[in-house]
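structure_7.cif (mmCIF, C-alpha atoms) appears below.
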```cif
data_my_file
#
loop_
_atom_site.label_atom_id
_atom_site.label_comp_id
_atom_site.auth_asym_id
_atom_site.auth_seq_id
_atom_site.Cartn_x
_atom_site.Cartn_y
_atom_site.Cartn_z
CA MET A 1 22.43 19.23 14.92
CA ALA A 2 19.19 18.88 13.02
CA GLU A 3 17.21 18.81 16.24
CA TRP A 4 13.94 18.35 14.41
CA LEU A 5 15.06 15.03 12.99
CA GLU A 6 15.71 13.65 16.45
CA ASN A 7 12.48 14.98 17.90
CA LYS A 8 10.00 12.15 17.82
CA GLU A 9 6.53 13.19 16.78
CA ARG A 10 4.47 13.26 19.94
CA GLY A 11 1.42 11.84 18.34
CA SER A 12 2.14 8.17 17.84
CA LEU A 13 0.84 6.23 14.91
CA TRP A 14 -1.80 4.82 17.22
CA THR A 15 -3.23 8.23 18.05
CA MET A 16 -3.03 9.18 14.39
CA ARG A 17 -5.21 6.23 13.59
CA LEU A 18 -7.62 7.12 16.38
CA MET A 19 -7.88 10.68 15.08
CA LEU A 20 -8.44 9.32 11.60
CA PHE A 21 -11.21 7.08 12.87
CA LEU A 22 -12.89 9.95 14.73
CA CYS A 23 -12.64 12.20 11.70
CA ARG A 24 -14.12 9.60 9.40
CA HIS A 25 -16.96 8.58 11.64
CA GLY A 26 -17.55 11.64 13.77
CA GLY A 27 -16.98 14.41 11.26
CA GLN A 28 -15.89 17.96 11.92
CA GLY A 29 -18.62 18.67 14.45
CA LEU A 30 -17.39 16.00 16.81
CA VAL A 31 -13.67 16.43 16.36
CA ARG A 32 -13.25 20.22 16.38
CA PRO A 33 -14.38 20.81 19.98
CA LEU A 34 -11.91 18.12 21.06
CA LEU A 35 -9.04 20.28 19.85
CA TYR A 36 -9.31 22.72 22.76
CA PRO A 37 -8.71 20.24 25.60
CA ILE A 38 -6.03 18.45 23.56
CA VAL A 39 -4.18 21.70 22.83
CA ALA A 40 -4.58 22.87 26.42
CA TYR A 41 -3.08 19.58 27.61
CA PHE A 42 -0.07 19.85 25.30
CA SER A 43 0.45 23.52 26.09
CA LEU A 44 0.74 22.66 29.77
CA THR A 45 2.87 19.55 29.47
CA SER A 46 5.32 20.25 26.64
CA SER A 47 7.85 22.42 28.40
CA ALA A 48 10.68 22.11 25.85
CA THR A 49 8.33 22.97 23.02
CA ARG A 50 6.93 25.86 25.02
CA ALA A 51 10.42 27.24 25.63
CA ALA A 52 11.19 27.10 21.89
CA SER A 53 7.88 28.79 21.11
CA LEU A 54 8.43 31.62 23.58
CA ARG A 55 11.95 32.10 22.24
CA PHE A 56 10.53 32.39 18.74
CA TYR A 57 7.89 35.00 19.60
CA SER A 58 10.36 36.98 21.71
CA GLN A 59 12.71 37.14 18.75
CA VAL A 60 9.94 37.99 16.31
CA ARG A 61 7.98 40.51 18.34
CA GLY A 62 10.08 41.37 21.32
CA HIS A 63 7.68 39.76 23.78
CA ALA A 64 5.93 36.43 24.23
CA SER A 65 3.46 34.83 26.57
CA TRP A 66 1.73 31.52 27.22
CA LYS A 67 -1.12 32.77 25.05
CA ASP A 68 1.17 32.87 22.02
CA PHE A 69 2.12 29.25 22.59
CA PHE A 70 -1.52 28.24 22.95
CA SER A 71 -2.50 30.10 19.75
CA GLN A 72 0.39 28.54 17.87
CA LEU A 73 -0.51 25.00 19.02
CA LEU A 74 -4.17 25.55 18.23
CA CYS A 75 -3.29 26.77 14.75
CA PHE A 76 -1.05 23.73 14.27
CA ALA A 77 -3.74 21.33 15.47
CA ARG A 78 -6.27 22.92 13.14
CA THR A 79 -4.06 22.57 10.11
CA LEU A 80 -3.36 18.94 10.99
CA LEU A 81 -7.04 18.23 11.25
CA ASP A 82 -7.75 20.15 8.06
CA GLY A 83 -5.01 18.14 6.41
CA ILE A 84 -6.77 14.90 7.30
CA PHE A 85 -10.09 16.13 5.97
CA ILE A 86 -8.60 17.64 2.83
CA LEU A 87 -6.44 14.64 2.00
CA SER A 88 -9.46 12.42 2.47
CA GLY A 89 -11.14 14.42 -0.28
CA ASP A 90 -13.39 16.50 1.94
CA THR A 91 -12.54 19.84 0.33
CA ASP A 92 -15.99 21.43 -0.01
CA ASP A 93 -15.91 23.00 3.44
CA TYR A 94 -12.71 24.89 2.70
CA THR A 95 -11.97 28.14 0.92
CA VAL A 96 -8.70 29.49 -0.36
CA THR A 97 -7.66 32.95 -1.42
CA SER A 98 -4.99 32.37 -3.98
CA HIS A 99 -2.24 34.68 -5.14
CA GLY A 100 0.14 33.87 -7.97
CA ARG A 101 -1.06 30.36 -8.69
CA GLU A 102 -1.47 31.17 -12.37
CA MET A 103 2.32 31.35 -12.76
CA LEU A 104 2.55 27.64 -11.94
CA ILE A 105 -0.26 26.76 -14.31
CA GLU A 106 1.42 28.77 -17.04
CA GLU A 107 4.73 26.95 -16.52
CA GLN A 108 2.98 23.60 -16.63
CA LYS A 109 1.18 24.53 -19.85
CA ARG A 110 4.55 25.22 -21.43
CA GLY A 111 5.74 21.82 -20.24
CA ASN A 112 8.23 23.23 -17.77
CA GLY A 113 9.06 21.29 -14.64
CA MET A 114 9.62 23.44 -11.58
CA ILE A 115 10.74 23.39 -7.99
CA LEU A 116 8.31 24.71 -5.39
CA LEU A 117 9.82 25.77 -2.09
CA GLY A 118 7.58 24.95 0.85
CA SER A 119 8.07 25.59 4.54
CA HIS A 120 6.81 24.78 8.00
CA LEU A 121 5.06 28.13 8.05
CA GLY A 122 1.47 27.12 7.38
CA SER A 123 0.21 24.00 5.72
CA PHE A 124 1.10 22.35 2.48
CA GLU A 125 -2.32 20.70 2.44
CA ALA A 126 -3.81 24.05 1.55
CA CYS A 127 -1.85 23.73 -1.67
CA ARG A 128 -3.48 20.41 -2.33
CA ILE A 129 -6.89 22.08 -2.30
CA LEU A 130 -5.70 24.33 -5.11
CA VAL A 131 -4.13 21.44 -6.92
CA ARG A 132 -7.18 19.26 -6.86
CA GLU A 133 -9.89 21.76 -7.53
CA LYS A 134 -8.42 24.25 -9.89
CA ALA A 135 -5.02 23.82 -11.32
CA GLY A 136 -4.57 20.15 -12.05
CA LEU A 137 -0.89 20.51 -11.17
CA ASN A 138 1.18 17.36 -10.99
CA VAL A 139 2.85 17.77 -7.57
CA HIS A 140 5.44 15.45 -6.06
CA MET A 141 6.79 16.15 -2.63
CA VAL A 142 10.16 15.47 -1.07
CA ALA A 143 9.67 14.34 2.54
CA TYR A 144 11.32 12.11 5.09
CA PHE A 145 9.48 8.90 5.82
CA GLY A 146 12.27 7.81 8.12
CA GLY A 147 12.01 4.44 6.44
CA SER A 148 8.59 4.00 7.96
CA GLN A 149 6.27 1.84 5.91
CA LYS A 150 3.58 2.65 8.48
CA ILE A 151 3.51 6.32 7.52
CA ARG A 152 3.38 5.23 3.91
CA SER A 153 0.37 3.02 4.63
CA ILE A 154 -1.44 5.76 6.53
CA LEU A 155 -0.89 8.18 3.66
CA ASP A 156 -2.26 5.61 1.25
CA GLU A 157 -5.24 5.04 3.49
CA LEU A 158 -5.97 8.78 3.43
CA ASN A 159 -5.47 9.23 -0.25
CA PRO A 160 -4.61 6.31 -2.53
CA GLY A 161 -1.56 7.02 -4.65
CA LEU A 162 -0.38 9.84 -2.42
CA ALA A 163 2.56 7.89 -1.03
CA ASP A 164 3.80 7.28 -4.57
CA ARG A 165 4.03 11.03 -5.06
CA VAL A 166 6.24 11.44 -2.01
CA ILE A 167 9.98 11.02 -2.55
CA ASP A 168 12.05 10.12 0.50
CA PRO A 169 15.42 11.82 -0.02
CA THR A 170 17.22 9.08 1.91
CA GLU A 171 16.33 6.42 -0.64
CA PRO A 172 19.22 5.67 -3.01
CA ASP A 173 17.31 6.51 -6.16
CA ALA A 174 15.65 9.66 -4.83
CA ILE A 175 17.66 12.20 -6.79
CA PHE A 176 16.84 10.52 -10.11
CA ARG A 177 13.17 10.37 -9.27
CA MET A 178 13.34 14.11 -8.56
CA ARG A 179 14.97 14.64 -11.95
CA ASP A 180 12.20 12.62 -13.60
CA VAL A 181 9.49 14.80 -12.03
CA ILE A 182 11.12 17.95 -13.41
CA GLU A 183 11.86 16.41 -16.83
CA ASN A 184 8.24 15.32 -17.10
CA GLY A 185 7.02 18.86 -16.48
CA GLY A 186 5.89 18.24 -12.90
CA VAL A 187 6.11 20.28 -9.73
CA LEU A 188 8.67 19.14 -7.18
CA ALA A 189 7.86 20.50 -3.74
CA ILE A 190 10.75 20.71 -1.29
CA LEU A 191 10.68 22.09 2.24
CA ALA A 192 13.23 24.86 2.30
CA ASP A 193 13.29 25.98 5.93
CA ARG A 194 14.97 23.04 7.70
CA VAL A 195 18.42 21.57 7.16
CA GLY A 196 18.55 17.77 7.33
CA ILE A 197 21.56 15.72 8.38
CA GLY A 198 24.21 15.83 5.67
CA ASP A 199 22.37 18.49 3.65
CA LYS A 200 24.38 21.26 2.05
CA LYS A 201 23.50 24.57 3.62
CA ALA A 202 23.83 28.29 3.21
CA SER A 203 23.42 31.05 5.74
CA ALA A 204 21.03 33.95 6.06
CA ARG A 205 19.73 36.45 8.54
CA PHE A 206 16.27 35.76 9.90
CA PHE A 207 14.69 38.25 12.30
CA GLY A 208 18.13 39.73 12.85
CA LYS A 209 20.01 36.53 13.66
CA GLN A 210 21.97 34.04 11.58
CA ILE A 211 20.41 30.73 10.57
CA ASP A 212 21.32 27.93 8.20
CA LEU A 213 18.94 27.02 5.42
CA PRO A 214 19.20 24.15 2.94
CA ALA A 215 21.11 24.91 -0.25
CA GLY A 216 19.96 21.70 -1.94
CA PRO A 217 16.84 23.03 -3.68
CA TYR A 218 18.81 25.80 -5.39
CA LEU A 219 21.65 23.49 -6.39
CA LEU A 220 19.12 21.05 -7.81
CA ALA A 221 17.39 23.79 -9.80
CA HIS A 222 20.78 24.94 -11.06
CA VAL A 223 21.72 21.43 -12.19
CA LEU A 224 18.33 20.80 -13.82
CA GLY A 225 17.95 24.30 -15.25
CA CYS A 226 14.40 24.71 -14.00
CA PRO A 227 12.53 27.67 -12.50
CA VAL A 228 11.92 27.98 -8.77
CA TYR A 229 8.82 29.27 -7.02
CA SER A 230 7.93 29.56 -3.36
CA PHE A 231 4.63 28.62 -1.80
CA PHE A 232 2.99 29.63 1.46
CA GLY A 233 -0.39 28.19 2.47
CA LEU A 234 -1.50 29.92 5.66
CA LEU A 235 -4.45 29.33 7.93
CA ALA A 236 -6.25 32.67 8.03
CA GLY A 237 -9.62 31.83 9.63
CA LYS A 238 -12.02 28.98 10.17
CA ASN A 239 -11.61 26.61 7.22
CA HIS A 240 -9.97 29.37 5.23
CA TYR A 241 -6.45 29.56 3.86
CA ASP A 242 -4.49 32.31 2.14
CA SER A 243 -2.02 31.00 -0.40
CA TYR A 244 0.87 32.83 -1.99
CA VAL A 245 3.03 31.71 -4.89
CA GLU A 246 6.04 33.85 -5.73
CA ARG A 247 8.70 33.47 -8.38
CA VAL A 248 12.09 32.92 -6.78
CA ALA A 249 14.04 32.69 -10.03
CA GLU A 250 13.44 31.80 -13.66
CA ARG A 251 16.89 30.18 -13.57
CA ILE A 252 19.21 29.70 -10.63
CA VAL A 253 22.60 31.05 -11.67
CA LEU A 254 25.57 29.81 -9.65
CA PRO A 255 28.85 31.00 -11.11
CA ARG A 256 31.94 28.87 -10.49
CA GLN A 257 33.64 31.75 -8.77
CA GLY A 258 31.59 33.07 -5.90
CA ARG A 259 29.15 30.17 -5.77
CA LYS A 260 28.83 30.43 -2.01
CA GLN A 261 27.90 34.12 -2.17
CA ALA A 262 25.36 33.40 -4.89
CA LEU A 263 23.78 30.63 -2.80
CA ASP A 264 23.70 32.83 0.28
CA ALA A 265 21.92 35.50 -1.75
CA TYR A 266 19.20 33.09 -2.89
CA VAL A 267 18.79 31.73 0.62
CA GLN A 268 18.66 35.25 2.08
CA ASN A 269 15.94 36.15 -0.37
CA TYR A 270 13.93 33.15 0.83
CA ALA A 271 14.59 33.99 4.50
CA ASP A 272 13.26 37.50 3.85
CA ARG A 273 10.01 36.13 2.38
CA LEU A 274 9.68 33.67 5.26
CA GLU A 275 10.15 36.54 7.69
CA TYR A 276 7.58 38.66 5.85
CA TYR A 277 4.90 35.95 6.06
CA CYS A 278 5.88 35.13 9.66
CA ARG A 279 5.02 38.69 10.61
CA LYS A 280 1.70 38.45 8.82
CA TYR A 281 0.75 34.98 10.09
CA PRO A 282 2.82 34.43 13.26
CA TYR A 283 0.82 31.50 14.63
CA ASN A 284 1.36 29.47 11.45
CA TRP A 285 4.97 28.89 12.54
CA PHE A 286 5.33 25.11 12.93
CA ASN A 287 9.02 24.69 13.61
CA PHE A 288 8.71 23.54 17.19
CA PHE A 289 12.38 23.72 18.10
CA ASP A 290 14.88 26.46 18.83
CA TYR A 291 15.24 27.87 15.34
CA TRP A 292 18.33 29.97 16.04
CA LYS A 293 20.05 27.44 18.26
CA GLU A 294 22.77 26.22 15.93
CA LYS A 295 24.13 29.68 15.22
CA GLY A 296 23.62 30.95 18.77
CA MET B 1 38.42 6.06 -19.84
CA LEU B 2 39.28 6.26 -16.14
CA ASP B 3 41.45 9.35 -16.59
CA GLU B 4 38.91 10.93 -18.89
CA LEU B 5 36.26 10.48 -16.20
CA ARG B 6 38.54 11.85 -13.50
CA GLU B 7 39.00 15.03 -15.48
CA LEU B 8 35.30 15.23 -16.27
CA ILE B 9 34.37 14.91 -12.59
CA ILE B 10 36.84 17.57 -11.47
CA ASN B 11 35.88 20.03 -14.21
CA GLU B 12 32.13 19.55 -14.28
CA LEU B 13 31.64 19.32 -10.53
CA ASN B 14 33.90 22.29 -9.96
CA LEU B 15 36.20 20.47 -7.53
CA GLU B 16 38.98 22.98 -7.06
CA ASP B 17 40.65 21.20 -4.17
CA VAL B 18 40.69 17.74 -5.73
CA SER B 19 43.50 16.45 -7.93
CA PRO B 20 43.06 13.50 -10.32
CA GLU B 21 45.12 11.24 -8.04
CA ASP B 22 42.61 11.81 -5.23
CA ILE B 23 39.94 9.96 -7.20
CA LYS B 24 40.83 6.30 -6.76
CA ASP B 25 39.57 3.60 -9.10
CA ASP B 26 37.82 1.50 -6.49
CA GLU B 27 36.70 3.91 -3.81
CA PRO B 28 33.16 5.27 -3.51
CA LEU B 29 32.60 8.43 -5.53
CA PHE B 30 29.69 9.67 -3.46
CA GLY B 31 29.17 9.81 0.27
CA GLY B 32 32.89 9.08 0.72
CA GLY B 33 36.13 10.99 1.12
CA LEU B 34 35.54 13.28 -1.85
CA GLY B 35 32.62 14.93 -0.08
CA LEU B 36 30.28 14.49 -3.04
CA ASP B 37 26.55 14.12 -2.47
CA SER B 38 23.53 13.04 -4.46
CA ILE B 39 23.15 16.36 -6.27
CA ASP B 40 26.74 15.93 -7.50
CA ALA B 41 25.76 12.43 -8.63
CA LEU B 42 22.87 13.90 -10.60
CA GLU B 43 25.09 16.55 -12.15
CA LEU B 44 27.58 13.89 -13.18
CA ALA B 45 24.76 11.71 -14.56
CA ILE B 46 23.59 14.60 -16.74
CA VAL B 47 27.11 15.17 -18.07
CA VAL B 48 27.58 11.45 -18.74
CA GLU B 49 24.29 11.35 -20.63
CA ARG B 50 25.26 14.35 -22.76
CA LYS B 51 28.75 13.16 -23.49
CA TYR B 52 28.31 9.39 -23.87
CA GLY B 53 24.57 9.00 -24.47
CA VAL B 54 24.19 6.83 -21.36
CA LYS B 55 21.11 7.71 -19.32
CA ILE B 56 20.97 6.79 -15.66
CA LYS B 57 17.36 5.79 -15.12
CA SER B 58 15.44 5.93 -11.87
CA GLY B 59 14.21 2.61 -10.57
CA ASP B 60 17.22 0.84 -12.07
CA ASP B 61 18.55 -1.61 -9.48
CA ARG B 62 22.04 -1.20 -10.90
CA ASN B 63 22.31 2.48 -9.91
CA VAL B 64 23.95 1.82 -6.55
CA GLN B 65 26.49 -0.43 -8.27
CA ILE B 66 27.10 2.04 -11.13
CA PHE B 67 28.01 4.85 -8.75
CA SER B 68 29.91 2.63 -6.31
CA SER B 69 33.30 3.56 -7.78
CA LEU B 70 35.03 5.24 -10.68
CA ALA B 71 35.85 1.83 -12.20
CA ALA B 72 32.22 0.69 -11.98
CA LEU B 73 31.00 3.91 -13.61
CA ALA B 74 33.61 3.60 -16.39
CA LYS B 75 32.57 -0.01 -17.02
CA HIS B 76 28.91 0.94 -17.24
CA ILE B 77 29.67 3.73 -19.70
CA GLU B 78 31.90 1.51 -21.88
CA GLU B 79 29.18 -1.13 -22.06
CA ASN B 80 26.32 1.25 -22.86
CA ARG B 81 27.76 4.23 -24.68
CA THR B 82 26.14 5.36 -27.90
CA ARG B 83 28.57 8.14 -28.67
#
```

Go through the file and emit its structure as C-alpha cells.
Amino acid sequence: MAEWLENKERGSLWTMRLMLFLCRHGGQGLVRPLLYPIVAYFSLTSSATRAASLRFYSQVRGHASWKDFFSQLLCFARTLLDGIFILSGDTDDYTVTSHGREMLIEEQKRGNGMILLGSHLGSFEACRILVREKAGLNVHMVAYFGGSQKIRSILDELNPGLADRVIDPTEPDAIFRMRDVIENGGVLAILADRVGIGDKKASARFFGKQIDLPAGPYLLAHVLGCPVYSFFGLLAGKNHYDSYVERVAERIVLPRQGRKQALDAYVQNYADRLEYYCRKYPYNWFNFFDYWKEKG
Amino acid sequence: MLDELRELIINELNLEDVSPEDIKDDEPLFGGGLGLDSIDALELAIVVERKYGVKIKSGDDRNVQIFSSLAALAKHIEENRTR
C-alpha cells in the first residue's frame, strides 16, 4: 500500500545540503560531470529500484535493459539538479517550449482559480520557469512534507517564501487553505499520479493494465466548481524542457447516480494523457516503484 | 439544529448508506466511522456557509474543535449564524 510513501528518499538531507553547497559555489560546470559517476553508482547498487524500472519499460515497450535504467536515472538526476538551479533563481541557462500556457493566463485574468494536475513524469520545476519569467501565475502546490521542518527550511533556503506556497495535505487546515487558493484566483497544483494513504481513488487502465489513481483532485474541483488543467514539464535536451498544458475540464461534473463511473472516466482520461507523454518522453518517468503492483 | 444538520450532511454529502441515527452527537464527523474525509469537510463547510452565513476560515485554531463532532459544529453555527 502506497509503497512510495514508505520508500525513504535515498539522498539524505545531508547530501542534499552538500549538493546545494556544490551547486552554489561550484556552478554547473563542476556539478554536471559529477552526475555520471553518481548515477552509475546508483544504477549498480539500487536493485529494487532497478527491478521496478525494468518492469516499467517492459510494460511500456515490451523490452527493457540496464541502459534504460541508466537513462532514466540520469534524466532524474538532471531534473533534480536543474530544480536546484532554477529554484535558486538561476533560470537564464534554461529554455522552455511551451504549449497551452495561455489558457492558464487567460483563466487567471478572469479571476478564476484552477486546479493543475501534475505528475512524476518530468519536472514541476520546469513549470516554475514559465511562472517566473512569463506568466506571473500564482501557484501553490500540494505536497507531503512528512512533518519535516528540515525540508521546509531547505526549500526556504533555496527560494524564500516557497515553503509558504506548499500545502501539506496532512495538516488539519490543509483543505481550507486549498479552498482559499482557488477562491483567490490562484493555481493549485496537485500531483495526480500517486495515491497516498487514505486518499480516495479511482481506477484506470495504463499501458494495458489496471492502476489506481487519486480521485481527490476531481472531487475537490467538483466541490469548488473550478476548472482543471493538466501540466507536463519534460526534460527534452540539455537545459531544455517541453511543457504542455491541457484542459481536463471546464467543470468537473459528478452526478449523484453513477459518481464512480464519472470519476473513473476522468481518471481514465488522465491516464491516457500520462501514457501518451510516457511514450514520447519515457525516461522522464520518476515513479521509482512497481507502478502496477497493487492491482497485479 | 442537530437533526437539521444530520439531514443536511446526509443529503449534501450524498450518503446513501447512512441513516440519521448513525450520526451521533458526540462522535467525530470526519476520519471516523462515517468514512468522511477532508473533501467532505470542505463540502459541508461550503453548504454551512451558504445556508447559515458561517464561514470556516483557514488558519483558525478552532477548526479542529468545530469539526470534532456534530454537537460542536451545531454549537459553532448557533453562535455565529447570520441567517

Return as a short mmCIF file (atom, residue, chain, number, x, y, z; two decimals) with C-alpha atoms, in the coordinates of the input the residues belonging to chain B that are within 12 Å of chain A, counting all atoms listed in the file.
```
data_model
loop_
_atom_site.label_atom_id
_atom_site.label_comp_id
_atom_site.auth_asym_id
_atom_site.auth_seq_id
_atom_site.Cartn_x
_atom_site.Cartn_y
_atom_site.Cartn_z
CA ASN B 11 35.88 20.03 -14.21
CA GLU B 12 32.13 19.55 -14.28
CA LEU B 13 31.64 19.32 -10.53
CA ASN B 14 33.90 22.29 -9.96
CA LEU B 15 36.20 20.47 -7.53
CA GLU B 16 38.98 22.98 -7.06
CA PHE B 30 29.69 9.67 -3.46
CA GLY B 31 29.17 9.81 0.27
CA GLY B 35 32.62 14.93 -0.08
CA LEU B 36 30.28 14.49 -3.04
CA ASP B 37 26.55 14.12 -2.47
CA SER B 38 23.53 13.04 -4.46
CA ILE B 39 23.15 16.36 -6.27
CA ASP B 40 26.74 15.93 -7.50
CA ALA B 41 25.76 12.43 -8.63
CA LEU B 42 22.87 13.90 -10.60
CA GLU B 43 25.09 16.55 -12.15
CA LEU B 44 27.58 13.89 -13.18
CA ALA B 45 24.76 11.71 -14.56
CA ILE B 46 23.59 14.60 -16.74
CA VAL B 47 27.11 15.17 -18.07
CA LYS B 55 21.11 7.71 -19.32
CA ILE B 56 20.97 6.79 -15.66
CA LYS B 57 17.36 5.79 -15.12
CA SER B 58 15.44 5.93 -11.87
CA GLY B 59 14.21 2.61 -10.57
CA ASP B 60 17.22 0.84 -12.07
CA ASP B 61 18.55 -1.61 -9.48
CA ARG B 62 22.04 -1.20 -10.90
CA ASN B 63 22.31 2.48 -9.91
CA VAL B 64 23.95 1.82 -6.55
CA GLN B 65 26.49 -0.43 -8.27
CA ILE B 66 27.10 2.04 -11.13
CA PHE B 67 28.01 4.85 -8.75
CA SER B 68 29.91 2.63 -6.31
#
```

Once the PyMOL selection byres ((chain A and resi 242) around 7) has been evaluated on this model, what residues remain selected, and can you format them as a compact mmCIF listing (two decimals) with C-alpha atoms, in the coordinates of the input?
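Contents of the output file out00.txt:
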```txt
# COMPACT_ATOMS: atom_id res chain seq x y z
CA VAL A 96 -8.70 29.49 -0.36
CA THR A 97 -7.66 32.95 -1.42
CA SER A 98 -4.99 32.37 -3.98
CA GLY A 233 -0.39 28.19 2.47
CA LEU A 234 -1.50 29.92 5.66
CA LEU A 235 -4.45 29.33 7.93
CA ALA A 236 -6.25 32.67 8.03
CA HIS A 240 -9.97 29.37 5.23
CA TYR A 241 -6.45 29.56 3.86
CA SER A 243 -2.02 31.00 -0.40
CA TYR A 244 0.87 32.83 -1.99
```

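Reported to one decimal place, the separation of atom CA of Tyr277 of chain A from atom CA of Gly136 of chain A is 25.8 Å.
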
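Within a radius of 7 Å around (6.2, 32.1, 0.1), the polymer residues are Ser230, Phe231, Phe232, Tyr244, Val245, Glu246, Arg273 and Leu274 of chain A, counting all atoms listed in the file.
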
TODO: Would you mind listing what lies within 6 Å of Gly118 of chain A as a VMD selection string, with all atoms listed in the file counted and same-chain residues fewer than 6 positions away left out?
DONE: chain A and resid 190 to 192 231

- [ ] Determine, counting only C-alpha atoms, which protein, DNA and RNA residues have an atom within 8 Å of an atom of Arg251 of chain A; residues of the same chain fewer than 6 positions away are not included. Present the result as a ChimeraX atom specification.
- [x] /A:221-222,225-228

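Across the model, the gap from atom CA of Asp93 of chain A to atom CA of Asp156 of chain A is 22.2 Å.
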
Open item on the list: Once the PyMOL selection byres ((chain A and resi 185) around 7) is applied to the coordinates I shared, what remains selected? I want it as a PyMOL selection string.
Closed with: chain A and resi 108+111-113+181-184+186-187

Task: Answer key for the PyMOL selection byres ((chain B and resi 6) around 9), residues as a PyMOL selection string - done: chain B and resi 1-5+7-11+19-21+23+70

Open item on the list: Considering only C-alpha atoms, can you say which of A:Met19, A:Leu263, A:Ala40, A:Leu80 comes closest to Lys67 of chain A?
Closed with: A:Ala40

Given the point (-6.2, 17.6, 14.3) in the coordinates of this file, which residues lie within 7 Å, counting all atoms listed in the file, and how would they look as a PDB file with C-alpha atoms, in the frame of the given file?
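Output below, filename out.pdb:
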```
ATOM      1  CA  LEU A  35      -9.040  20.280  19.850  1.00  0.00           C
ATOM      2  CA  ALA A  77      -3.740  21.330  15.470  1.00  0.00           C
ATOM      3  CA  ARG A  78      -6.270  22.920  13.140  1.00  0.00           C
ATOM      4  CA  THR A  79      -4.060  22.570  10.110  1.00  0.00           C
ATOM      5  CA  LEU A  80      -3.360  18.940  10.990  1.00  0.00           C
ATOM      6  CA  LEU A  81      -7.040  18.230  11.250  1.00  0.00           C
ATOM      7  CA  ASP A  82      -7.750  20.150   8.060  1.00  0.00           C
TER       8      ASP A  82
END
```

Open item on the list: As an exercise, work out the distance from atom CA of Gly208 of chain A to atom CA of Val253 of chain A in Å and give it to one decimal place.
Closed with: 26.4 Å

Listed atoms of segment 51-54 of chain B boxed axis-aligned with 5 Å per side, centre + edges as lines of an AutoDock Vina configuration file:
```
center_x = 26.5
center_y = 10.0
center_z = -22.9
size_x = 14.6
size_y = 16.3
size_z = 13.1
```

TODO: Excluding Val267 of chain A and residues on its chain fewer than 2 positions from it, collect all residues at most 8 Å away from it, counting all atoms listed in the file, and give them as a ChimeraX atom specification.
DONE: /A:202-204,213-215,263-265,269-271

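With distances restricted to all atoms listed in the file, B:Val54 is the closest residue to Glu79 of chain B from B:Val54, B:Asp17, B:Asp26, B:Val48.
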